[in-house]
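Peer 1: Here it is: the structure, laid out below.
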Amino acid sequence: MSALVEARAVRPSAVGEAARRRVRRRRLLGPSGRLMIVAADHPARGALGAGPRPLAMADRRDLLERLCTVLDRPGVDGVLGTPDIIEDLLLLGALDDKVVIGSMNRGGLAGAAFEIDDRFTAYTAEAIAAGGLDGGKMLLRIDDRDQATPATVQACAGAVSELAGRGLMAMVEPFISHRVDGRIRNVLTPEAMIRAIAIASGLGATSACTWLKVPVVDDMERVMAATTLPTLLLGGEVPADPDAALAGWQQAMRLPNVRGLVVGRSLLYPADDDVAGAADAAVEVLK
């Protein structure tokens with residue numbers, strides 16, 4: 001870790017050099033036809049909590065150690081993160097033969113009055129292509145009562161088009177959202193997710209490279225019937241009942257367009273703190 005800090009301080013060109021050295025994976029999907037991605041883009045939105053720990057993700061050394069542990073487990077295909085985290089992992093040599101997805105819009109800071117105005121403040125499609133990454137991810141929260149929503153919808157549509165124009169995955173995470181006691185809350189009913197998926201599926205000039213990232217909710221068969229796009233299940237908060245979460249993922253994985261998992265805090269900060277064990281349990285769901 002000290003070498004990483006030293007490189008950032010005295011030789012910033014090391015980041016680009018590490019990106020050029022990285023051994024890229026030839027195909028997005030592995031032999032199983034599934035994807036297992038660990039997500040670590042939460043800190044850039046000011047969302048540092050995991051389970052009962054409000055500042056769990058605040059210690060960068062600890063976070064990187066956990067990420068390296070997960071990425072080293074068999075069956076874990078890659079990572080989703082903002083430039084700072086992806087570049088740390090590049091400097092640590094942890095991304096060879098991994099799928100790397102760049103997180104794009106992090107401007108809707110958690111808890112802010114302007115949270116729904118989720119501006120693109122991290123990766124651009126151009127930077128993702130130049131850095132040899134495999135795609136870009138965007139969060140799309142739709143609040144019918146918030147005038148800032150259309151700008152985010154438009155920005156996501158532009159990003160989908162720009163990524164597809166470069167042949168790169170556009171991963172869209174859609175929600176219908178509203179404010180409860182001043183905070184943004186996602187509506188996790190089947191009907192709300194069906195509407196969110198329908199809107200996200202139509203973004204951009206083409207949907208050829210669009211993937212969706214959605215939570216497991218009730219009646220997933222009906223929810224996933226709303227699209228033909230390949231879809232990854234998100235992990236969300238650290239679950240109170242990990243076994244129930246695994247069972248939910250496993251059941252949804254039987255649906256034809258569900259192709260894998262994108263899990264962050266549930267893997268990185270499990271209740272028992274067994275990071276490797278949590279990763280292995282998630283990989284088992286894909287089999």
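Residues are referred to by chain and number: the chain letter is A, B, ... according to the order shown in the structure tokens, the number counts from 1 in that chain, and ligands are numbered separately from 1 in the order shown.
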Please provide the set of residues having any atom within 10 Å of range 154-170 of chain A, restricted to only C-alpha atoms, with same-chain residues fewer than 4 positions apart removed, written as an MDAnalysis selection string.
Peer 2: chainID A and resid 28 101:102 104:105 118:120 124:126 128:129 133:140 149:150 200:212
Peer 1: Name the residues of range 174-231 of chain A that fall into helix (DSSP H, G or I) according to DSSP on the backbone, using the chain letters and numbers of this document, as a list in words.
Peer 2: Pro190, Glu191, Ala192, Met193, Ile194, Arg195, Ala196, Ile197, Ala198, Ile199, Ala200, Ser201, Met220, Glu221, Arg222, Val223 and Met224 of chain A
Peer 1: Could you write those residues out with N, CA and C atoms, as a tab-separated table (two decimals), in the first residue's frame?
Peer 2:
```tsv
chain	number	residue	atom	x	y	z
A	190	PRO	N	-43.14	-4.66	-7.65
A	190	PRO	CA	-43.00	-5.16	-9.02
A	190	PRO	C	-43.43	-4.14	-10.06
A	191	GLU	N	-44.52	-3.44	-9.79
A	191	GLU	CA	-45.03	-2.47	-10.77
A	191	GLU	C	-44.05	-1.32	-11.00
A	192	ALA	N	-43.43	-0.85	-9.92
A	192	ALA	CA	-42.45	0.23	-10.06
A	192	ALA	C	-41.22	-0.24	-10.83
A	193	MET	N	-40.75	-1.44	-10.56
A	193	MET	CA	-39.58	-1.95	-11.27
A	193	MET	C	-39.88	-2.22	-12.74
A	194	ILE	N	-41.09	-2.69	-13.04
A	194	ILE	CA	-41.48	-2.90	-14.44
A	194	ILE	C	-41.43	-1.57	-15.19
A	195	ARG	N	-41.97	-0.51	-14.57
A	195	ARG	CA	-41.95	0.81	-15.22
A	195	ARG	C	-40.52	1.31	-15.40
A	196	ALA	N	-39.69	1.16	-14.37
A	196	ALA	CA	-38.29	1.61	-14.45
A	196	ALA	C	-37.54	0.86	-15.54
A	197	ILE	N	-37.75	-0.45	-15.62
A	197	ILE	CA	-37.09	-1.26	-16.64
A	197	ILE	C	-37.53	-0.85	-18.03
A	198	ALA	N	-38.82	-0.59	-18.21
A	198	ALA	CA	-39.33	-0.19	-19.52
A	198	ALA	C	-38.69	1.12	-19.97
A	199	ILE	N	-38.54	2.07	-19.05
A	199	ILE	CA	-37.92	3.35	-19.39
A	199	ILE	C	-36.45	3.17	-19.72
A	200	ALA	N	-35.74	2.42	-18.88
A	200	ALA	CA	-34.30	2.22	-19.09
A	200	ALA	C	-34.01	1.48	-20.38
A	201	SER	N	-34.86	0.53	-20.75
A	201	SER	CA	-34.63	-0.28	-21.95
A	201	SER	C	-34.67	0.57	-23.22
A	220	MET	N	-40.48	-11.70	-9.52
A	220	MET	CA	-39.40	-11.39	-10.46
A	220	MET	C	-39.67	-11.92	-11.87
A	221	GLU	N	-40.42	-13.00	-11.99
A	221	GLU	CA	-40.73	-13.51	-13.32
A	221	GLU	C	-41.50	-12.48	-14.13
A	222	ARG	N	-42.48	-11.84	-13.51
A	222	ARG	CA	-43.26	-10.80	-14.19
A	222	ARG	C	-42.41	-9.56	-14.43
A	223	VAL	N	-41.55	-9.22	-13.47
A	223	VAL	CA	-40.69	-8.05	-13.61
A	223	VAL	C	-39.73	-8.23	-14.80
A	224	MET	N	-39.08	-9.38	-14.88
A	224	MET	CA	-38.09	-9.59	-15.93
A	224	MET	C	-38.72	-9.82	-17.29
```
Peer 1: Between A:Pro256, A:Arg34, A:Asp241, A:Arg21, which is the closest to Gly93 in chain A once you count only C-alpha atoms?
Peer 2: A:Arg21
Peer 1: What's the 10 Å shell around Val70 in chain A, counting only C-alpha atoms, without same-chain residues fewer than 4 positions away, as number ranges by chain?
Peer 2: A: 37-38, 64-66, 74-79, 267-268, 275-280
Peer 1: Go ahead and write the residues just picked, all heavy atoms, as a short mmCIF file (atom, residue, chain, number, x, y, z; two decimals), in the first residue's frame.
Peer 2:
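Generated file (out_7.cif):
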```cif
data_model
loop_
_atom_site.label_atom_id
_atom_site.label_comp_id
_atom_site.auth_asym_id
_atom_site.auth_seq_id
_atom_site.Cartn_x
_atom_site.Cartn_y
_atom_site.Cartn_z
N ILE A 37 -19.73 -9.68 -10.54
CA ILE A 37 -19.01 -8.41 -10.43
C ILE A 37 -19.12 -7.88 -9.01
O ILE A 37 -20.21 -7.88 -8.42
CB ILE A 37 -19.59 -7.36 -11.41
CG1 ILE A 37 -19.56 -7.88 -12.85
CG2 ILE A 37 -18.87 -6.03 -11.28
CD1 ILE A 37 -18.19 -8.00 -13.45
N VAL A 38 -18.00 -7.40 -8.45
CA VAL A 38 -18.04 -6.75 -7.15
C VAL A 38 -18.10 -5.24 -7.38
O VAL A 38 -17.35 -4.69 -8.20
CB VAL A 38 -16.82 -7.14 -6.28
CG1 VAL A 38 -15.50 -6.84 -6.96
CG2 VAL A 38 -16.90 -6.46 -4.92
N LEU A 64 -9.61 -1.58 -0.12
CA LEU A 64 -8.82 -2.19 -1.19
C LEU A 64 -8.42 -3.62 -0.84
O LEU A 64 -8.40 -4.50 -1.71
CB LEU A 64 -7.58 -1.34 -1.47
CG LEU A 64 -7.85 0.01 -2.14
CD1 LEU A 64 -6.57 0.84 -2.20
CD2 LEU A 64 -8.43 -0.16 -3.54
N GLU A 65 -8.10 -3.86 0.41
CA GLU A 65 -7.76 -5.22 0.83
C GLU A 65 -8.95 -6.15 0.64
O GLU A 65 -8.80 -7.30 0.17
CB GLU A 65 -7.30 -5.23 2.29
CG GLU A 65 -5.91 -4.62 2.49
CD GLU A 65 -5.52 -4.52 3.95
OE1 GLU A 65 -6.37 -4.80 4.82
OE2 GLU A 65 -4.35 -4.17 4.23
N ARG A 66 -10.13 -5.67 0.99
CA ARG A 66 -11.34 -6.47 0.81
C ARG A 66 -11.62 -6.72 -0.67
O ARG A 66 -12.00 -7.83 -1.09
CB ARG A 66 -12.53 -5.80 1.49
CG ARG A 66 -12.44 -5.79 3.01
CD ARG A 66 -13.48 -4.87 3.65
NE ARG A 66 -13.32 -4.80 5.10
CZ ARG A 66 -13.97 -5.57 5.97
NH1 ARG A 66 -14.85 -6.45 5.54
NH2 ARG A 66 -13.76 -5.45 7.26
N PRO A 74 -12.08 -17.65 -6.92
CA PRO A 74 -12.50 -18.29 -8.17
C PRO A 74 -13.95 -17.93 -8.50
O PRO A 74 -14.82 -17.93 -7.63
CB PRO A 74 -12.38 -19.79 -7.85
CG PRO A 74 -11.44 -19.88 -6.70
CD PRO A 74 -11.65 -18.63 -5.89
N GLY A 75 -14.18 -17.61 -9.75
CA GLY A 75 -15.54 -17.31 -10.20
C GLY A 75 -15.93 -15.86 -10.13
O GLY A 75 -17.00 -15.49 -10.63
N VAL A 76 -15.10 -15.01 -9.53
CA VAL A 76 -15.38 -13.57 -9.51
C VAL A 76 -14.79 -12.97 -10.78
O VAL A 76 -13.58 -13.05 -11.02
CB VAL A 76 -14.80 -12.89 -8.25
CG1 VAL A 76 -15.01 -11.37 -8.32
CG2 VAL A 76 -15.46 -13.46 -7.00
N ASP A 77 -15.64 -12.37 -11.60
CA ASP A 77 -15.23 -11.95 -12.94
C ASP A 77 -14.63 -10.55 -13.00
O ASP A 77 -13.84 -10.26 -13.91
CB ASP A 77 -16.44 -12.00 -13.89
CG ASP A 77 -16.93 -13.41 -14.09
OD1 ASP A 77 -16.21 -14.19 -14.74
OD2 ASP A 77 -18.03 -13.75 -13.61
N GLY A 78 -15.03 -9.67 -12.09
CA GLY A 78 -14.51 -8.31 -12.23
C GLY A 78 -15.05 -7.35 -11.21
O GLY A 78 -15.60 -7.74 -10.18
N VAL A 79 -14.91 -6.05 -11.54
CA VAL A 79 -15.20 -5.00 -10.57
C VAL A 79 -15.90 -3.83 -11.24
O VAL A 79 -15.69 -3.57 -12.44
CB VAL A 79 -13.89 -4.53 -9.89
CG1 VAL A 79 -12.94 -3.89 -10.89
CG2 VAL A 79 -14.16 -3.59 -8.72
N LEU A 267 -20.84 -8.36 -0.14
CA LEU A 267 -19.62 -9.16 -0.24
C LEU A 267 -18.48 -8.57 0.56
O LEU A 267 -17.70 -9.28 1.20
CB LEU A 267 -19.16 -9.26 -1.71
CG LEU A 267 -20.01 -10.02 -2.70
CD1 LEU A 267 -19.22 -10.23 -3.99
CD2 LEU A 267 -20.47 -11.35 -2.15
N LEU A 268 -18.35 -7.25 0.51
CA LEU A 268 -17.20 -6.59 1.10
C LEU A 268 -17.29 -6.45 2.61
O LEU A 268 -16.28 -6.43 3.30
CB LEU A 268 -17.02 -5.21 0.47
CG LEU A 268 -16.71 -5.22 -1.04
CD1 LEU A 268 -16.81 -3.82 -1.61
CD2 LEU A 268 -15.32 -5.80 -1.29
N VAL A 275 -15.06 -12.18 4.21
CA VAL A 275 -15.19 -11.65 2.85
C VAL A 275 -15.05 -12.76 1.81
O VAL A 275 -15.85 -12.86 0.88
CB VAL A 275 -14.15 -10.54 2.61
CG1 VAL A 275 -14.23 -10.02 1.18
CG2 VAL A 275 -14.35 -9.40 3.61
N ALA A 276 -14.05 -13.61 1.97
CA ALA A 276 -13.86 -14.71 1.01
C ALA A 276 -15.05 -15.64 1.01
O ALA A 276 -15.51 -16.10 -0.05
CB ALA A 276 -12.57 -15.47 1.34
N GLY A 277 -15.57 -15.94 2.20
CA GLY A 277 -16.73 -16.83 2.30
C GLY A 277 -17.96 -16.25 1.63
O GLY A 277 -18.73 -16.96 0.96
N ALA A 278 -18.17 -14.93 1.80
CA ALA A 278 -19.32 -14.28 1.17
C ALA A 278 -19.19 -14.31 -0.35
O ALA A 278 -20.18 -14.53 -1.07
CB ALA A 278 -19.43 -12.83 1.66
N ALA A 279 -17.98 -14.10 -0.85
CA ALA A 279 -17.76 -14.15 -2.30
C ALA A 279 -18.01 -15.56 -2.85
O ALA A 279 -18.67 -15.73 -3.88
CB ALA A 279 -16.34 -13.70 -2.63
N ASP A 280 -17.51 -16.55 -2.14
CA ASP A 280 -17.69 -17.93 -2.59
C ASP A 280 -19.17 -18.33 -2.60
O ASP A 280 -19.64 -19.02 -3.51
CB ASP A 280 -16.91 -18.89 -1.69
CG ASP A 280 -15.39 -18.73 -1.83
OD1 ASP A 280 -14.96 -18.09 -2.81
OD2 ASP A 280 -14.67 -19.22 -0.94
#
```
Peer 1: Just checking: using only C-alpha atoms, which residue out of A:Gly260, A:Gly81, A:Gly46, A:Gly182 ends up closest to Lys213 in chain A?
Peer 2: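 Between A:Gly260, A:Gly81, A:Gly46, A:Gly182, the residue approaching Lys213 in chain A most closely is A:Gly260.
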Peer 1: If you measure from CA of Val153 in chain A to CA of Gly248 in chain A, what distance in Å do you get, rounded to one decimal?
Peer 2: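 Computed distance, CA of Val153 in chain A to CA of Gly248 in chain A, equals 29.3 Å.
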Peer 1: Quick one: everything within 8 Å of Leu90 in chain A, counting only C-alpha atoms, minus sequence neighbours fewer than 2 positions away in the same chain. Send it as a PyMOL selection string.
Peer 2: chain A and resi 15+18-19+22+86-88+92-95
Peer 1: Apply DSSP to the backbone of this structure and, from range 153-214 of chain A, keep only the residues in strand (DSSP E or B); write these as an mmCIF file with all heavy atoms, in the first residue's frame.
Peer 2:
```
data_model
loop_
_atom_site.group_PDB
_atom_site.id
_atom_site.type_symbol
_atom_site.label_atom_id
_atom_site.label_comp_id
_atom_site.auth_asym_id
_atom_site.auth_seq_id
_atom_site.Cartn_x
_atom_site.Cartn_y
_atom_site.Cartn_z
ATOM 1 N N MET A 169 -20.270 -2.150 -23.096
ATOM 2 C CA MET A 169 -21.467 -2.353 -22.281
ATOM 3 C C MET A 169 -21.923 -1.049 -21.640
ATOM 4 O O MET A 169 -21.127 -0.303 -21.073
ATOM 5 C CB MET A 169 -21.188 -3.375 -21.171
ATOM 6 C CG MET A 169 -22.340 -3.526 -20.173
ATOM 7 S SD MET A 169 -21.840 -4.216 -18.579
ATOM 8 C CE MET A 169 -21.867 -5.957 -18.956
ATOM 9 N N ALA A 170 -23.230 -0.795 -21.708
ATOM 10 C CA ALA A 170 -23.858 0.294 -20.959
ATOM 11 C C ALA A 170 -24.745 -0.348 -19.898
ATOM 12 O O ALA A 170 -25.791 -0.902 -20.222
ATOM 13 C CB ALA A 170 -24.680 1.180 -21.884
ATOM 14 N N MET A 171 -24.307 -0.305 -18.650
ATOM 15 C CA MET A 171 -25.049 -0.922 -17.555
ATOM 16 C C MET A 171 -25.917 0.149 -16.886
ATOM 17 O O MET A 171 -25.399 1.094 -16.297
ATOM 18 C CB MET A 171 -24.092 -1.533 -16.528
ATOM 19 C CG MET A 171 -24.778 -2.285 -15.397
ATOM 20 S SD MET A 171 -23.634 -2.755 -14.056
ATOM 21 C CE MET A 171 -22.542 -3.884 -14.913
ATOM 22 N N VAL A 172 -27.242 -0.011 -16.985
ATOM 23 C CA VAL A 172 -28.177 0.972 -16.445
ATOM 24 C C VAL A 172 -28.873 0.378 -15.226
ATOM 25 O O VAL A 172 -29.429 -0.729 -15.290
ATOM 26 C CB VAL A 172 -29.233 1.388 -17.497
ATOM 27 C CG1 VAL A 172 -30.108 2.510 -16.949
ATOM 28 C CG2 VAL A 172 -28.563 1.819 -18.800
ATOM 29 N N GLU A 173 -28.837 1.123 -14.118
ATOM 30 C CA GLU A 173 -29.487 0.708 -12.868
ATOM 31 C C GLU A 173 -30.700 1.614 -12.630
ATOM 32 O O GLU A 173 -30.553 2.726 -12.116
ATOM 33 C CB GLU A 173 -28.496 0.825 -11.709
ATOM 34 C CG GLU A 173 -29.073 0.396 -10.364
ATOM 35 C CD GLU A 173 -28.058 0.515 -9.237
ATOM 36 O OE1 GLU A 173 -26.904 0.912 -9.487
ATOM 37 O OE2 GLU A 173 -28.434 0.207 -8.085
ATOM 38 N N PRO A 174 -31.916 1.177 -13.017
ATOM 39 C CA PRO A 174 -33.076 2.064 -12.968
ATOM 40 C C PRO A 174 -33.963 1.847 -11.741
ATOM 41 O O PRO A 174 -34.147 0.710 -11.280
ATOM 42 C CB PRO A 174 -33.833 1.669 -14.237
ATOM 43 C CG PRO A 174 -33.587 0.191 -14.345
ATOM 44 C CD PRO A 174 -32.225 -0.080 -13.733
ATOM 45 N N PHE A 175 -34.517 2.943 -11.246
ATOM 46 C CA PHE A 175 -35.480 2.898 -10.150
ATOM 47 C C PHE A 175 -36.536 3.978 -10.354
ATOM 48 O O PHE A 175 -36.246 5.050 -10.892
ATOM 49 C CB PHE A 175 -34.810 3.171 -8.793
ATOM 50 C CG PHE A 175 -33.869 2.106 -8.322
ATOM 51 C CD1 PHE A 175 -32.496 2.272 -8.446
ATOM 52 C CD2 PHE A 175 -34.356 0.951 -7.742
ATOM 53 C CE1 PHE A 175 -31.620 1.297 -8.002
ATOM 54 C CE2 PHE A 175 -33.476 -0.033 -7.288
ATOM 55 C CZ PHE A 175 -32.109 0.137 -7.413
ATOM 56 N N ILE A 176 -37.731 3.710 -9.889
ATOM 57 C CA ILE A 176 -38.709 4.761 -9.628
ATOM 58 C C ILE A 176 -38.481 5.181 -8.178
ATOM 59 O O ILE A 176 -38.421 4.328 -7.279
ATOM 60 C CB ILE A 176 -40.151 4.253 -9.826
ATOM 61 C CG1 ILE A 176 -40.339 3.698 -11.249
ATOM 62 C CG2 ILE A 176 -41.152 5.374 -9.527
ATOM 63 C CD1 ILE A 176 -40.072 4.691 -12.354
ATOM 64 N N SER A 177 -38.318 6.463 -7.952
ATOM 65 C CA SER A 177 -37.947 6.953 -6.617
ATOM 66 C C SER A 177 -38.840 8.110 -6.194
ATOM 67 O O SER A 177 -39.459 8.768 -7.035
ATOM 68 C CB SER A 177 -36.478 7.425 -6.623
ATOM 69 O OG SER A 177 -35.618 6.424 -7.116
ATOM 70 N N HIS A 178 -38.910 8.342 -4.889
ATOM 71 C CA HIS A 178 -39.563 9.542 -4.374
ATOM 72 C C HIS A 178 -38.966 9.884 -3.015
ATOM 73 O O HIS A 178 -38.214 9.104 -2.440
ATOM 74 C CB HIS A 178 -41.083 9.368 -4.303
ATOM 75 C CG HIS A 178 -41.533 8.210 -3.462
ATOM 76 N ND1 HIS A 178 -42.530 7.351 -3.843
ATOM 77 C CD2 HIS A 178 -41.123 7.754 -2.245
ATOM 78 C CE1 HIS A 178 -42.716 6.435 -2.908
ATOM 79 N NE2 HIS A 178 -41.880 6.667 -1.934
ATOM 80 N N ARG A 179 -39.298 11.072 -2.539
ATOM 81 C CA ARG A 179 -38.753 11.515 -1.252
ATOM 82 C C ARG A 179 -39.664 11.108 -0.102
ATOM 83 O O ARG A 179 -40.880 11.276 -0.169
ATOM 84 C CB ARG A 179 -38.548 13.032 -1.251
ATOM 85 C CG ARG A 179 -37.368 13.464 -2.110
ATOM 86 C CD ARG A 179 -36.957 14.905 -1.855
ATOM 87 N NE ARG A 179 -35.782 15.237 -2.662
ATOM 88 C CZ ARG A 179 -34.528 15.040 -2.284
ATOM 89 N NH1 ARG A 179 -34.282 14.545 -1.082
ATOM 90 N NH2 ARG A 179 -33.522 15.350 -3.073
ATOM 91 N N VAL A 180 -39.023 10.595 0.926
ATOM 92 C CA VAL A 180 -39.718 10.266 2.183
ATOM 93 C C VAL A 180 -38.945 10.955 3.298
ATOM 94 O O VAL A 180 -37.752 10.671 3.489
ATOM 95 C CB VAL A 180 -39.755 8.741 2.419
ATOM 96 C CG1 VAL A 180 -40.422 8.444 3.759
ATOM 97 C CG2 VAL A 180 -40.488 8.035 1.290
ATOM 98 N N ARG A 183 -35.628 12.397 2.134
ATOM 99 C CA ARG A 183 -34.588 11.535 1.568
ATOM 100 C C ARG A 183 -35.152 10.721 0.408
ATOM 101 O O ARG A 183 -36.314 10.323 0.417
ATOM 102 C CB ARG A 183 -34.016 10.593 2.630
ATOM 103 C CG ARG A 183 -33.301 11.323 3.767
ATOM 104 C CD ARG A 183 -32.700 10.344 4.754
ATOM 105 N NE ARG A 183 -31.580 9.617 4.171
ATOM 106 C CZ ARG A 183 -30.322 10.065 4.167
ATOM 107 N NH1 ARG A 183 -30.032 11.243 4.705
ATOM 108 N NH2 ARG A 183 -29.356 9.354 3.639
ATOM 109 N N ILE A 184 -34.301 10.468 -0.590
ATOM 110 C CA ILE A 184 -34.705 9.671 -1.742
ATOM 111 C C ILE A 184 -34.844 8.206 -1.329
ATOM 112 O O ILE A 184 -33.943 7.627 -0.725
ATOM 113 C CB ILE A 184 -33.672 9.787 -2.878
ATOM 114 C CG1 ILE A 184 -33.585 11.222 -3.383
ATOM 115 C CG2 ILE A 184 -34.033 8.833 -4.019
ATOM 116 C CD1 ILE A 184 -34.811 11.698 -4.112
ATOM 117 N N ARG A 185 -35.990 7.630 -1.674
ATOM 118 C CA ARG A 185 -36.224 6.211 -1.428
ATOM 119 C C ARG A 185 -36.651 5.556 -2.737
ATOM 120 O O ARG A 185 -37.482 6.103 -3.474
ATOM 121 C CB ARG A 185 -37.324 6.015 -0.378
ATOM 122 C CG ARG A 185 -36.929 6.500 1.015
ATOM 123 C CD ARG A 185 -35.909 5.583 1.653
ATOM 124 N NE ARG A 185 -35.570 5.991 3.017
ATOM 125 C CZ ARG A 185 -34.529 6.728 3.333
ATOM 126 N NH1 ARG A 185 -33.708 7.152 2.379
ATOM 127 N NH2 ARG A 185 -34.271 7.060 4.578
ATOM 128 N N ASN A 186 -36.105 4.398 -3.041
ATOM 129 C CA ASN A 186 -36.478 3.666 -4.249
ATOM 130 C C ASN A 186 -37.720 2.823 -3.985
ATOM 131 O O ASN A 186 -37.839 2.199 -2.920
ATOM 132 C CB ASN A 186 -35.329 2.768 -4.703
ATOM 133 C CG ASN A 186 -34.091 3.555 -5.060
ATOM 134 O OD1 ASN A 186 -34.181 4.660 -5.604
ATOM 135 N ND2 ASN A 186 -32.924 3.018 -4.752
ATOM 136 N N THR A 210 -26.819 -2.473 -24.198
ATOM 137 C CA THR A 210 -27.385 -2.139 -22.888
ATOM 138 C C THR A 210 -27.629 -3.384 -22.050
ATOM 139 O O THR A 210 -28.218 -4.360 -22.525
ATOM 140 C CB THR A 210 -28.703 -1.367 -23.040
ATOM 141 O OG1 THR A 210 -28.478 -0.186 -23.816
ATOM 142 C CG2 THR A 210 -29.266 -0.970 -21.680
ATOM 143 N N TRP A 211 -27.165 -3.327 -20.810
ATOM 144 C CA TRP A 211 -27.476 -4.314 -19.781
ATOM 145 C C TRP A 211 -28.191 -3.566 -18.659
ATOM 146 O O TRP A 211 -27.972 -2.370 -18.467
ATOM 147 C CB TRP A 211 -26.204 -4.950 -19.221
ATOM 148 C CG TRP A 211 -25.511 -5.921 -20.136
ATOM 149 C CD1 TRP A 211 -25.068 -5.680 -21.406
ATOM 150 C CD2 TRP A 211 -25.157 -7.278 -19.833
ATOM 151 N NE1 TRP A 211 -24.464 -6.799 -21.914
ATOM 152 C CE2 TRP A 211 -24.499 -7.788 -20.977
ATOM 153 C CE3 TRP A 211 -25.334 -8.092 -18.719
ATOM 154 C CZ2 TRP A 211 -24.013 -9.100 -21.024
ATOM 155 C CZ3 TRP A 211 -24.843 -9.382 -18.760
ATOM 156 C CH2 TRP A 211 -24.198 -9.886 -19.895
ATOM 157 N N LEU A 212 -29.019 -4.283 -17.918
ATOM 158 C CA LEU A 212 -29.697 -3.697 -16.770
ATOM 159 C C LEU A 212 -29.117 -4.263 -15.483
ATOM 160 O O LEU A 212 -28.597 -5.377 -15.452
ATOM 161 C CB LEU A 212 -31.195 -3.965 -16.829
ATOM 162 C CG LEU A 212 -31.934 -3.423 -18.058
ATOM 163 C CD1 LEU A 212 -33.404 -3.820 -17.995
ATOM 164 C CD2 LEU A 212 -31.785 -1.923 -18.174
ATOM 165 N N LYS A 213 -29.235 -3.477 -14.424
ATOM 166 C CA LYS A 213 -28.813 -3.885 -13.077
ATOM 167 C C LYS A 213 -29.994 -3.597 -12.164
ATOM 168 O O LYS A 213 -30.373 -2.440 -11.959
ATOM 169 C CB LYS A 213 -27.580 -3.086 -12.660
ATOM 170 C CG LYS A 213 -27.082 -3.317 -11.246
ATOM 171 C CD LYS A 213 -25.774 -2.526 -11.028
ATOM 172 C CE LYS A 213 -25.244 -2.717 -9.618
ATOM 173 N NZ LYS A 213 -25.519 -1.549 -8.771
ATOM 174 N N VAL A 214 -30.627 -4.648 -11.631
ATOM 175 C CA VAL A 214 -31.883 -4.465 -10.895
ATOM 176 C C VAL A 214 -31.867 -5.261 -9.591
ATOM 177 O O VAL A 214 -31.168 -6.262 -9.468
ATOM 178 C CB VAL A 214 -33.108 -4.895 -11.746
ATOM 179 C CG1 VAL A 214 -33.130 -4.145 -13.085
ATOM 180 C CG2 VAL A 214 -33.128 -6.392 -11.977
#
```
Peer 1: Go through A:Gly33, A:Gly16, A:Ala148, A:Val99 one by one, measure the shortest atom-to-atom distance of each to Ala127 in chain A using only C-alpha atoms, and give the residue with the smallest value.
Peer 2: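 Of A:Gly33, A:Gly16, A:Ala148, A:Val99, the one nearest Ala127 in chain A, counting only C-alpha atoms, is A:Gly16.
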